[in-house]
$ cat target09.txt   # compact mmCIF, C-alpha atoms
# COMPACT_ATOMS: atom_id res chain seq x y z
CA MET A 5 14.01 5.65 10.10
CA LYS A 6 16.01 8.32 11.87
CA PRO A 7 16.03 11.99 10.93
CA ALA A 8 19.11 12.82 8.88
CA SER A 9 22.20 13.63 10.88
CA GLY A 10 25.93 13.50 10.33
CA PRO A 11 26.87 11.28 7.42
CA HIS A 12 23.34 9.92 7.08
CA GLN A 13 22.27 12.61 4.67
CA LEU A 14 21.46 10.43 1.71
CA LEU A 15 18.11 8.71 1.35
CA ILE A 16 17.41 6.16 -1.36
CA LEU A 17 13.83 6.46 -2.56
CA ILE A 18 12.21 3.55 -4.38
CA PRO A 19 8.69 4.14 -5.70
CA ALA A 20 6.97 0.81 -6.25
CA PHE A 21 3.61 -0.45 -7.40
CA ASN A 22 3.06 -4.22 -7.54
CA GLU A 23 6.77 -5.00 -7.80
CA ILE A 24 6.89 -8.04 -5.52
CA GLY A 25 9.01 -9.97 -7.99
CA ALA A 26 11.82 -7.42 -8.05
CA ILE A 27 11.67 -5.22 -4.97
CA ALA A 28 13.65 -7.39 -2.54
CA GLY A 29 16.46 -7.86 -5.08
CA VAL A 30 16.60 -4.13 -5.78
CA ILE A 31 16.82 -3.34 -2.05
CA GLN A 32 19.62 -5.87 -1.53
CA GLU A 33 21.56 -4.51 -4.51
CA VAL A 34 21.18 -0.93 -3.29
CA ARG A 35 22.26 -1.93 0.21
CA GLY A 36 25.37 -3.56 -1.27
CA VAL A 37 26.37 -0.26 -2.90
CA VAL A 38 25.38 2.23 -0.16
CA PRO A 39 25.14 0.22 3.06
CA ASP A 40 24.78 3.28 5.32
CA ALA A 41 21.98 5.01 3.44
CA PRO A 42 18.41 4.34 4.58
CA ILE A 43 16.16 2.92 1.87
CA LEU A 44 12.59 4.15 1.69
CA VAL A 45 10.14 2.25 -0.48
CA VAL A 46 7.03 4.26 -1.33
CA ASP A 47 4.40 1.61 -1.88
CA ASP A 48 1.67 3.10 -4.04
CA ALA A 49 -1.08 0.87 -2.58
CA SER A 50 0.20 -2.35 -4.13
CA THR A 51 -2.07 -5.35 -3.92
CA ASP A 52 0.60 -8.05 -4.26
CA GLY A 53 2.42 -7.67 -0.93
CA THR A 54 5.20 -5.41 -2.21
CA ASP A 55 5.21 -3.56 1.13
CA GLN A 56 5.78 -6.74 3.15
CA SER A 57 8.49 -7.92 0.78
CA ALA A 58 10.24 -4.54 1.05
CA ARG A 59 10.04 -4.58 4.87
CA SER A 60 11.41 -8.12 4.99
CA ALA A 61 14.32 -6.99 2.82
CA GLY A 62 15.13 -4.30 5.39
CA ALA A 63 13.69 -1.17 3.79
CA TYR A 64 11.45 1.40 5.41
CA VAL A 65 8.05 1.49 3.77
CA LEU A 66 5.83 4.49 3.26
CA ARG A 67 2.51 2.95 2.26
CA LEU A 68 0.02 5.23 0.54
CA PRO A 69 -3.65 4.78 1.45
CA TYR A 70 -4.71 4.55 -2.20
CA HIS A 71 -3.06 4.53 -5.62
CA LEU A 72 -1.80 8.06 -6.35
CA GLY A 73 0.29 7.32 -9.41
CA LEU A 74 4.04 7.68 -9.82
CA GLY A 75 4.23 11.43 -9.24
CA GLY A 76 2.08 11.36 -6.12
CA GLY A 77 4.18 8.54 -4.68
CA VAL A 78 7.52 10.15 -5.44
CA GLN A 79 6.31 13.46 -4.01
CA ALA A 80 5.20 11.72 -0.80
CA GLY A 81 8.73 10.29 -0.49
CA TYR A 82 10.25 13.72 -1.15
CA LYS A 83 8.02 15.27 1.51
CA LEU A 84 9.08 12.69 4.08
CA ALA A 85 12.76 13.09 3.16
CA TYR A 86 12.46 16.86 3.49
CA GLU A 87 10.75 16.63 6.89
CA PHE A 88 13.43 14.22 8.11
CA GLY A 89 16.14 16.67 7.05
CA TYR A 90 17.82 14.69 4.31
CA GLU A 91 20.26 16.61 2.14
CA TYR A 92 20.18 14.30 -0.88
CA VAL A 93 17.63 11.87 -2.25
CA ILE A 94 18.36 9.45 -5.06
CA ARG A 95 15.39 7.80 -6.72
CA VAL A 96 15.77 4.26 -8.00
CA ASP A 97 12.92 2.43 -9.71
CA GLY A 98 11.59 -0.71 -8.06
CA ASP A 99 11.61 -2.82 -11.21
CA GLY A 100 15.36 -3.42 -11.34
CA GLN A 101 16.08 -1.30 -14.45
CA HIS A 102 18.36 1.07 -12.59
CA ASP A 103 21.77 -0.31 -11.73
CA PRO A 104 22.60 0.85 -8.17
CA LYS A 105 26.32 0.97 -9.01
CA TYR A 106 25.66 4.46 -10.43
CA ILE A 107 24.31 5.78 -7.12
CA PRO A 108 27.76 6.93 -5.89
CA VAL A 109 28.30 8.72 -9.22
CA LEU A 110 25.00 10.57 -8.87
CA LEU A 111 25.75 11.48 -5.25
CA GLU A 112 29.24 12.67 -6.05
CA THR A 113 27.93 14.82 -8.90
CA LEU A 114 25.33 16.39 -6.61
CA ARG A 115 27.92 17.10 -3.93
CA GLU A 116 30.76 18.32 -6.12
CA THR A 117 28.96 20.36 -8.75
CA GLY A 118 26.34 21.87 -6.45
CA CYS A 119 23.68 21.23 -9.09
CA HIS A 120 20.15 20.70 -7.83
CA MET A 121 19.31 17.60 -9.83
CA VAL A 122 21.35 14.92 -11.51
CA ILE A 123 19.95 12.55 -14.13
CA ALA A 124 21.38 9.14 -14.96
CA SER A 125 21.22 9.28 -18.74
CA ARG A 126 20.97 6.32 -21.08
CA PHE A 127 21.73 8.39 -24.12
CA GLN A 128 24.45 10.80 -23.13
CA ASN A 129 27.14 8.69 -24.76
CA GLY A 130 24.80 7.57 -27.52
CA ASN A 131 24.75 3.97 -26.36
CA GLY A 132 21.19 3.66 -25.03
CA ASN A 133 18.54 1.38 -26.43
CA TYR A 134 15.01 2.59 -27.04
CA THR A 135 12.21 0.39 -25.77
CA ASN A 136 9.97 1.08 -28.77
CA SER A 137 9.92 3.35 -31.79
CA VAL A 138 7.04 5.58 -30.60
CA ARG A 139 8.87 6.15 -27.34
CA ALA A 140 12.06 6.91 -29.26
CA ILE A 141 10.21 9.56 -31.26
CA GLY A 142 8.78 10.93 -28.00
CA ILE A 143 12.22 11.23 -26.41
CA TRP A 144 13.63 12.87 -29.54
CA PHE A 145 10.67 15.26 -29.64
CA PHE A 146 11.04 16.28 -26.00
CA ARG A 147 14.76 16.85 -26.40
CA LEU A 148 13.86 19.40 -29.08
CA VAL A 149 11.07 20.98 -27.01
CA LEU A 150 13.11 21.19 -23.80
CA ARG A 151 16.31 22.52 -25.38
CA PRO A 152 15.15 26.19 -25.56
CA ILE A 153 13.16 25.97 -22.32
CA LEU A 154 16.02 24.58 -20.24
CA GLY A 155 18.71 26.54 -22.05
CA LYS A 156 20.87 23.46 -22.48
CA PRO A 157 20.44 20.03 -24.04
CA VAL A 158 19.03 17.11 -22.07
CA HIS A 159 19.73 13.68 -23.51
CA ASP A 160 17.43 11.51 -21.41
CA PRO A 161 14.52 13.61 -20.15
CA THR A 162 12.38 10.54 -19.32
CA SER A 163 14.92 8.92 -16.99
CA GLY A 164 13.54 8.20 -13.53
CA PHE A 165 17.00 7.47 -12.13
CA VAL A 166 17.64 10.89 -10.61
CA GLY A 167 19.16 12.51 -7.58
CA VAL A 168 18.08 15.78 -6.03
CA ASN A 169 19.49 18.03 -3.33
CA ARG A 170 17.61 19.65 -0.47
CA GLN A 171 16.74 22.83 -2.36
CA ALA A 172 15.13 20.82 -5.15
CA LEU A 173 13.39 18.69 -2.50
CA GLN A 174 11.85 21.81 -1.04
CA VAL A 175 10.53 22.87 -4.44
CA PHE A 176 9.14 19.41 -5.17
CA THR A 177 7.31 19.20 -1.85
CA GLY A 178 5.19 22.11 -3.08
CA SER A 179 4.96 21.34 -6.79
CA PHE A 180 5.48 17.98 -8.45
CA PRO A 181 3.69 16.57 -11.50
CA LEU A 182 1.36 13.69 -10.78
CA GLU A 183 1.59 11.66 -13.97
CA TYR A 184 4.77 11.05 -15.98
CA PRO A 185 6.67 13.45 -13.72
CA GLU A 186 10.23 13.30 -15.06
CA ILE A 187 10.01 15.83 -17.91
CA GLU A 188 7.75 18.30 -16.14
CA ALA A 189 9.96 18.15 -13.04
CA LEU A 190 12.81 19.55 -15.13
CA VAL A 191 10.63 22.51 -16.12
CA VAL A 192 9.53 23.03 -12.50
CA LEU A 193 13.21 23.32 -11.52
CA GLN A 194 14.03 25.53 -14.49
CA ARG A 195 11.43 28.05 -13.31
CA LYS A 196 13.47 28.37 -10.12
CA ARG A 197 16.65 28.82 -12.18
CA PHE A 198 17.96 25.57 -10.73
CA GLN A 199 20.70 23.59 -12.46
CA PHE A 200 20.76 19.97 -13.55
CA GLN A 201 23.51 17.66 -14.79
CA GLU A 202 23.45 14.36 -16.63
CA VAL A 203 25.78 11.46 -16.02
CA PRO A 204 26.01 8.53 -18.42
CA CYS A 205 24.71 5.17 -17.29
CA ARG A 206 23.52 1.88 -18.70
CA MET A 207 20.06 0.69 -17.84
CA ARG A 208 18.97 -2.91 -17.63
CA PRO A 209 15.81 -4.60 -18.80
CA ARG A 210 13.13 -4.59 -16.08
CA LYS A 211 13.15 -7.76 -13.98
CA THR A 212 9.40 -8.17 -13.71
CA GLY A 213 6.19 -6.48 -14.84
CA ARG A 214 5.69 -4.14 -17.77
CA SER A 215 6.45 -0.51 -18.37
CA THR A 216 3.59 1.83 -17.59
CA ILE A 217 4.32 3.57 -20.89
CA THR A 218 3.45 1.18 -23.70
CA ALA A 219 3.65 2.03 -27.40
CA VAL A 220 -0.02 3.00 -27.54
CA LYS A 221 0.17 5.05 -24.36
CA SER A 222 3.22 6.85 -25.71
CA LEU A 223 1.05 9.07 -27.91
CA TYR A 224 -1.12 10.04 -24.96
CA TYR A 225 2.07 10.50 -22.96
CA ILE A 226 3.50 12.90 -25.54
CA PHE A 227 0.34 15.00 -25.59
CA HIS A 228 -0.08 14.97 -21.81
CA VAL A 229 3.53 15.86 -21.05
CA LEU A 230 3.68 18.52 -23.78
CA LEU A 231 0.64 20.19 -22.24
CA GLY A 232 2.19 19.86 -18.77
CA VAL A 233 5.46 21.41 -19.97
CA PHE A 234 3.75 24.48 -21.42
CA ILE A 235 1.44 24.86 -18.43
CA ASN A 236 4.49 24.80 -16.18
CA VAL A 237 6.22 27.37 -18.37
CA LEU A 238 3.16 29.65 -18.22
CA LYS A 239 2.22 28.93 -14.60
CA PHE A 240 1.43 32.01 -12.54
CA GLU A 241 3.01 31.82 -9.11
CA GLY A 242 2.10 35.23 -7.79
CA ARG A 243 -0.77 33.89 -5.68
CA ARG A 244 -0.40 30.41 -4.30
CA ARG A 245 -3.29 28.03 -3.96
CA LYS A 246 -4.72 27.99 -0.48
CA ASP A 247 -3.71 24.37 0.15
CA SER A 248 -0.10 24.88 -0.95
CA PRO A 249 2.55 24.85 1.76
CA MET B 11 -40.37 29.53 -31.34
CA GLU B 12 -43.11 29.55 -28.73
CA ARG B 13 -42.84 25.80 -28.25
CA LEU B 14 -39.06 26.01 -27.78
CA LEU B 15 -39.51 28.74 -25.17
CA ASN B 16 -42.13 26.67 -23.35
CA VAL B 17 -39.87 23.63 -23.31
CA THR B 18 -37.01 25.78 -21.99
CA THR B 19 -39.29 27.13 -19.27
CA ILE B 20 -40.32 23.63 -18.20
CA LEU B 21 -36.71 22.40 -18.22
CA SER B 22 -35.60 25.42 -16.18
CA ILE B 23 -38.32 24.80 -13.58
CA LEU B 24 -37.38 21.11 -13.47
CA LEU B 25 -33.74 22.04 -12.99
CA VAL B 26 -34.59 24.41 -10.12
CA ALA B 27 -36.77 21.73 -8.51
CA MET B 28 -34.12 19.05 -8.96
CA VAL B 29 -31.38 21.23 -7.46
CA LEU B 30 -33.53 22.27 -4.49
CA PHE B 31 -34.51 18.63 -3.91
CA SER B 32 -30.85 17.57 -4.02
CA VAL B 33 -29.81 20.34 -1.63
CA ARG B 34 -32.59 19.33 0.76
CA ARG B 35 -31.39 15.72 0.65
CA SER B 36 -27.75 16.87 1.07
CA HIS B 37 -26.77 15.41 -2.31
CA ILE B 38 -25.40 18.79 -3.37
CA ARG B 39 -23.78 21.28 -1.03
CA VAL B 40 -25.43 24.70 -0.97
CA GLU B 41 -22.36 26.47 -2.38
CA TYR B 42 -22.35 24.21 -5.44
CA SER B 43 -26.08 24.58 -6.00
CA VAL B 44 -25.70 28.30 -6.62
CA SER B 45 -24.22 27.86 -10.13
CA TRP B 46 -27.03 25.55 -11.20
CA LEU B 47 -29.77 27.70 -9.68
CA ALA B 48 -28.33 30.82 -11.32
CA ALA B 49 -28.17 29.02 -14.68
CA ALA B 50 -31.75 27.78 -14.35
CA ILE B 51 -33.09 31.20 -13.35
CA ILE B 52 -31.32 32.94 -16.26
CA LEU B 53 -32.90 30.47 -18.68
CA LEU B 54 -36.29 30.78 -17.01
CA VAL B 55 -36.26 34.58 -17.26
CA LEU B 56 -35.11 34.58 -20.88
CA SER B 57 -37.66 31.97 -21.93
CA ARG B 58 -40.48 34.07 -20.42
CA SER B 59 -39.29 37.45 -21.63
CA SER B 60 -39.32 37.62 -25.41
CA ALA B 61 -38.36 41.31 -25.26
CA ALA B 62 -35.13 40.44 -23.44
CA LEU B 63 -34.46 37.56 -25.79
CA ASN B 64 -35.06 39.71 -28.88
CA TRP B 65 -32.76 42.39 -27.49
CA ILE B 66 -29.97 39.84 -26.88
CA ALA B 67 -30.47 38.37 -30.38
CA ARG B 68 -30.13 41.87 -31.88
CA GLN B 69 -26.97 42.55 -29.83
CA LEU B 70 -25.48 39.28 -31.02
CA GLY B 71 -26.44 40.02 -34.62
CA LEU B 72 -28.69 36.97 -34.81
CA ALA B 73 -31.91 37.14 -36.79
CA ASP B 74 -33.40 34.18 -34.97
CA PRO B 75 -34.08 34.65 -31.19
CA PRO B 76 -34.24 30.87 -30.51
CA LEU B 77 -30.69 30.64 -31.83
CA ALA B 78 -29.70 33.29 -29.28
CA LEU B 79 -31.41 31.25 -26.58
CA MET B 80 -29.50 28.10 -27.59
CA LEU B 81 -26.24 30.05 -27.64
CA LEU B 82 -26.97 31.39 -24.15
CA VAL B 83 -27.89 27.90 -22.88
CA PHE B 84 -24.57 26.63 -24.23
CA CYS B 85 -22.59 29.50 -22.66
CA VAL B 86 -24.31 29.19 -19.27
CA PHE B 87 -23.61 25.47 -19.03
CA VAL B 88 -20.03 25.83 -20.25
CA ILE B 89 -19.48 28.30 -17.40
CA VAL B 90 -21.10 25.96 -14.86
CA ILE B 91 -19.06 22.96 -16.06
CA TYR B 92 -15.86 25.02 -16.05
CA ARG B 93 -16.55 26.08 -12.47
CA LEU B 94 -17.07 22.44 -11.51
CA SER B 95 -13.75 21.50 -13.17
CA VAL B 96 -12.03 24.09 -10.98
CA VAL B 97 -13.74 22.65 -7.90
CA ILE B 98 -12.81 19.06 -8.85
CA SER B 99 -9.18 20.08 -9.44
CA ASP B 100 -9.02 21.73 -6.02
CA LEU B 101 -10.56 18.65 -4.41
CA LYS B 102 -8.12 16.33 -6.16
CA ASP B 103 -5.13 18.42 -5.03
CA ALA B 104 -6.46 18.48 -1.48
CA ASN B 105 -7.18 14.76 -1.57
CA ILE B 106 -3.65 13.90 -2.72
CA ALA B 107 -2.11 16.17 -0.09
CA ILE B 108 -4.24 14.51 2.62
CA ALA B 109 -3.37 10.99 1.42
CA GLN B 110 0.35 11.86 1.46
CA ARG B 111 0.06 13.47 4.89
CA LEU B 112 -1.82 10.43 6.25
CA ALA B 113 0.87 8.08 4.93
CA ILE B 114 3.63 10.21 6.45
CA VAL B 115 1.90 10.47 9.84
CA GLU B 116 1.29 6.70 9.88
CA PHE B 117 4.95 6.17 9.00
CA GLN B 118 6.07 8.45 11.83
CA LEU B 119 3.78 6.71 14.34
CA GLN B 120 5.04 3.29 13.29
CA ASN B 121 8.59 4.60 13.43
CA ARG B 122 8.01 5.89 16.97
CA ASN B 123 6.47 2.61 18.11
CA GLU B 124 9.42 0.65 16.75
CA ASP B 125 11.86 2.95 18.59
$ encode --input "target09.txt" --output "C-alpha cells"
Amino acid sequence: MKPASGPHQLLILIPAFNEIGAIAGVIQEVRGVVPDAPILVVDDASTDGTDQSARSAGAYVLRLPYHLGLGGGVQAGYKLAYEFGYEYVIRVDGDGQHDPKYIPVLLETLRETGCHMVIASRFQNGNGNYTNSVRAIGIWFFRLVLRPILGKPVHDPTSGFVGVNRQALQVFTGSFPLEYPEIEALVVLQRKRFQFQEVPCRMRPRKTGRSTITAVKSLYYIFHVLLGVFINVLKFEGRRRKDSP
Amino acid sequence: MERLLNVTTILSILLVAMVLFSVRRSHIRVEYSVSWLAAAIILLVLSRSSAALNWIARQLGLADPPLALMLLVFCVFVIVIYRLSVVISDLKDANIAIAQRLAIVEFQLQNRNED
C-alpha cells in the first residue's frame, strides 16, 4: 500500500473477524465501485483464514496479533491510514451488510460539506428495518440520549457504515472506544466540536455469520454504551495519559 | 472481641509473609506489593492497639470497636482493589497500543518487502 498522494486520498477500511464466507465478495464489490481506492482489511486475529481470503481478493491486510475487538481493530486501521497520509477513510463492514454503492455518496458528502464524519443511515427516511425489538428500543433510546449531547438529531447512531476526514482520523488515533464504538465515537467528535452528517442508505442482510449484538446482548450493550457516553461527556482532558500520543 | 483481634493479627502477618514471599519469587513486582504491605501493616497495628481502635470507633460514632475494625478492613481493601483496577486499565491501554503498533510495523515491513 502506498502512502496517500494525488487522487489516492481515499482508503476503504474493512474490519473483519472470521468473515471468510463474505470478505472476498465484499472486496470485489467495493473494487467495482471505487477501483482506484486501496482497500485495507483489518483482520482481528481471525481463525478461519479471513486474512488469506482478503489478500487473494486483492486487499491489503493489517493483521492484529490477537483479538482486540471491533473498536481496537478500527482504531488500528485509522492509525495506519493517518500515518500513510490519507485524507478520507470510509469504513465498510466485512459481512456484506453495507452496500458499496453508497461509498461515493459518503465521500462526496465529506468533500462538499466539510463535515468530519458522515454516517450512512438506515432510518433517515424512515425505511429501515430493525433486526430485533430490543435493539430497536436501544436505537430509539440512544437517539433520545444523544439529541441534547450532539445538539442535533441522529437517526442511526449504531451504523458502522461511516466515513471520516483527516481531522477526525487524528482524533480517533488518540481516542476511540474499544467495544461498540459507533455511538461513543460520535460523542468523542462532539467534544472537539466536530460536525457530522447523515445520508440515507439501505442496508442488506449479512451474508454470513451472526451479528455480535444479539437480543440478549442488547441490554448489556445499552448499559455499556450509556456509561461510555456519559464518561466521554465528563472526560477530563487537561492532563493526558502518559501513553497517549 | 479479643478473638477477632487475634484472628486479624494472624491474617495480617500471613498477608505480609505471603506478599514478601511473592515479591521474593518475582510473582509480584515491588511497586505493586506496597499497597498490600501497607494494608496488612495498618490492620496489624490496629489489631494490636486497642486504644487506637477505640479512638477510631469513637470518631466514627460506633459503639462496637470490632465493627470499626471491619469497616476499616473493608475500606483498606476497597482502596487496594481500586488501585489495582487503575493499574489493569493502564496495562490494557498500553497492551492495545502495542498490539496495534506491532501490526502496523509488520504491515509496513511486509509492504516494503513487496516493493
$ closest_residue --input "target09.txt" --among "A:Pro181, A:Pro152, A:Gly25, A:Gly164" --to "chain B" --atoms "only C-alpha atoms"
A:Pro181
$ axis_aligned_box --input "target09.txt" --around "stretch 30-39 of chain B" --padding-each-side "4 Å" --output "JSON"
{"center_x": -29.1, "center_y": 18.8, "center_z": -1.7, "size_x": 18.7, "size_y": 14.9, "size_z": 13.6}
$ residues_around --input "target09.txt" --residues "A:Pro69" --least-positions-apart "5" --cutoff "8 Å" --atoms "all atoms listed in the file" --output "PyMOL selection string"
(chain A and resi 48-49) or (chain B and resi 109+112-113)
$ closest_atom_pairs --input "target09.txt" --of "chain B" --to "chain A" --cutoff "12 Å" --atoms "all atoms listed in the file" --output "CSV"
residue,atom,partner,partner_atom,distance
B:Val96,CA,A:Arg245,CA,11.9
B:Ser99,CA,A:Arg245,CA,11.3
B:Asp100,CA,A:Asp247,CA,8.6
B:Leu101,CA,A:Asp247,CA,10.0
B:Lys102,CA,A:Leu72,CA,10.4
B:Asp103,CA,A:Asp247,CA,8.0
B:Ala104,CA,A:Asp247,CA,6.7
B:Asn105,CA,A:Leu72,CA,9.8
B:Ile106,CA,A:Leu72,CA,7.1
B:Ala107,CA,A:Asp247,CA,8.4
B:Ile108,CA,A:Pro69,CA,9.8
B:Ala109,CA,A:Pro69,CA,6.2
B:Gln110,CA,A:Ala80,CA,5.4
B:Arg111,CA,A:Ala80,CA,7.9
B:Leu112,CA,A:Pro69,CA,7.6
B:Ala113,CA,A:Leu68,CA,5.3
B:Ile114,CA,A:Leu84,CA,6.4
B:Val115,CA,A:Leu84,CA,9.5
B:Glu116,CA,A:Leu66,CA,8.3
B:Phe117,CA,A:Leu66,CA,6.0
B:Gln118,CA,A:Met5,CA,8.6
B:Leu119,CA,A:Met5,CA,11.1
B:Gln120,CA,A:Met5,CA,9.8
B:Asn121,CA,A:Met5,CA,6.4
B:Arg122,CA,A:Met5,CA,9.1
B:Asn123,CA,A:Met5,CA,11.4
B:Glu124,CA,A:Met5,CA,9.5
B:Asp125,CA,A:Met5,CA,9.2
$ atom_distance --input "target09.txt" --atom1 "atom CA of A:Gly167" --atom2 "atom CA of A:Val93"
5.6 Å
$ atom_distance --input "target09.txt" --atom1 "atom CA of A:Tyr184" --atom2 "atom CA of A:Gly100"
18.5 Å
$ closest_residue --input "target09.txt" --among "B:Leu81, B:Ala50, B:Ala61, B:Ala73" --to "B:Leu21" --atoms "only C-alpha atoms"
B:Ala50
$ atom_distance --input "target09.txt" --atom1 "atom CA of B:Leu25" --atom2 "atom CA of B:Ile98"
21.5 Å
$ closest_residue --input "target09.txt" --among "A:Leu154, A:Lys196, A:Ala124, A:Lys221" --to "A:Val233" --atoms "only C-alpha atoms"
A:Leu154
$ closest_residue --input "target09.txt" --among "B:Ser95, B:Gln69, B:Ser43, B:Ser57" --to "B:Met28" --atoms "all atoms listed in the file"
B:Ser43
$ closest_residue --input "target09.txt" --among "A:Val109, A:Asn169, A:Pro185, A:Val229" --to "A:Phe200" --atoms "all atoms listed in the file"
A:Asn169
$ closest_residue --input "target09.txt" --among "B:Val55, B:Leu14, B:Ala67, B:Ala49" --to "B:Val86" --atoms "only C-alpha atoms"
B:Ala49
$ residues_around --input "target09.txt" --residues "A:Val220" --least-positions-apart "4" --cutoff "10 Å" --atoms "only C-alpha atoms" --output "compact mmCIF listing (two decimals) with C-alpha atoms, in the coordinates of the input"
# COMPACT_ATOMS: atom_id res chain seq x y z
CA VAL A 138 7.04 5.58 -30.60
CA ARG A 139 8.87 6.15 -27.34
CA TYR A 224 -1.12 10.04 -24.96
CA TYR A 225 2.07 10.50 -22.96
$ residues_near_point --input "target09.txt" --point "(9.5, 22.8, -7.9)" --cutoff "10 Å" --atoms "only C-alpha atoms" --output "list in words"
Gln171, Ala172, Leu173, Gln174, Val175, Phe176, Thr177, Gly178, Ser179, Phe180, Pro181, Glu188, Ala189, Leu190, Val191, Val192, Leu193, Gln194, Arg195, Lys196, Phe198 and Asn236 of chain A
$ residues_near_point --input "target09.txt" --point "(20.8, 19.8, -29.5)" --cutoff "8 Å" --atoms "only C-alpha atoms" --output "compact mmCIF listing (two decimals) with C-alpha atoms, keeping the file's coordinate frame"
# COMPACT_ATOMS: atom_id res chain seq x y z
CA ARG A 147 14.76 16.85 -26.40
CA LEU A 148 13.86 19.40 -29.08
CA ARG A 151 16.31 22.52 -25.38
CA LYS A 156 20.87 23.46 -22.48
CA PRO A 157 20.44 20.03 -24.04
$ decode --input "target09.txt" --residues "stretch 96-119 of chain A" --atoms "C-alpha atoms" --output "short mmCIF file (atom, residue, chain, number, x, y, z; two decimals), in the first residue's frame"
data_model
loop_
_atom_site.label_atom_id
_atom_site.label_comp_id
_atom_site.auth_asym_id
_atom_site.auth_seq_id
_atom_site.Cartn_x
_atom_site.Cartn_y
_atom_site.Cartn_z
CA VAL A 96 -17.41 -0.84 5.36
CA ASP A 97 -18.28 -3.93 7.38
CA GLY A 98 -16.88 -7.25 6.21
CA ASP A 99 -20.16 -9.14 6.46
CA GLY A 100 -21.75 -7.71 3.32
CA GLN A 101 -24.45 -5.63 5.06
CA HIS A 102 -23.14 -2.36 3.68
CA ASP A 103 -23.86 -1.75 0.03
CA PRO A 104 -20.70 -0.21 -1.51
CA LYS A 105 -22.79 1.78 -3.99
CA TYR A 106 -23.19 4.38 -1.21
CA ILE A 107 -19.43 4.92 -0.88
CA PRO A 108 -19.35 7.72 -3.50
CA VAL A 109 -22.25 9.43 -1.69
CA LEU A 110 -20.39 9.31 1.62
CA LEU A 111 -17.18 10.59 0.00
CA GLU A 112 -18.96 13.39 -1.81
CA THR A 113 -20.68 14.46 1.41
CA LEU A 114 -17.35 14.53 3.26
CA ARG A 115 -15.71 16.56 0.50
CA GLU A 116 -18.52 19.01 -0.22
CA THR A 117 -19.88 19.74 3.24
CA GLY A 118 -16.54 19.74 5.06
CA CYS A 119 -18.11 17.74 7.88
#
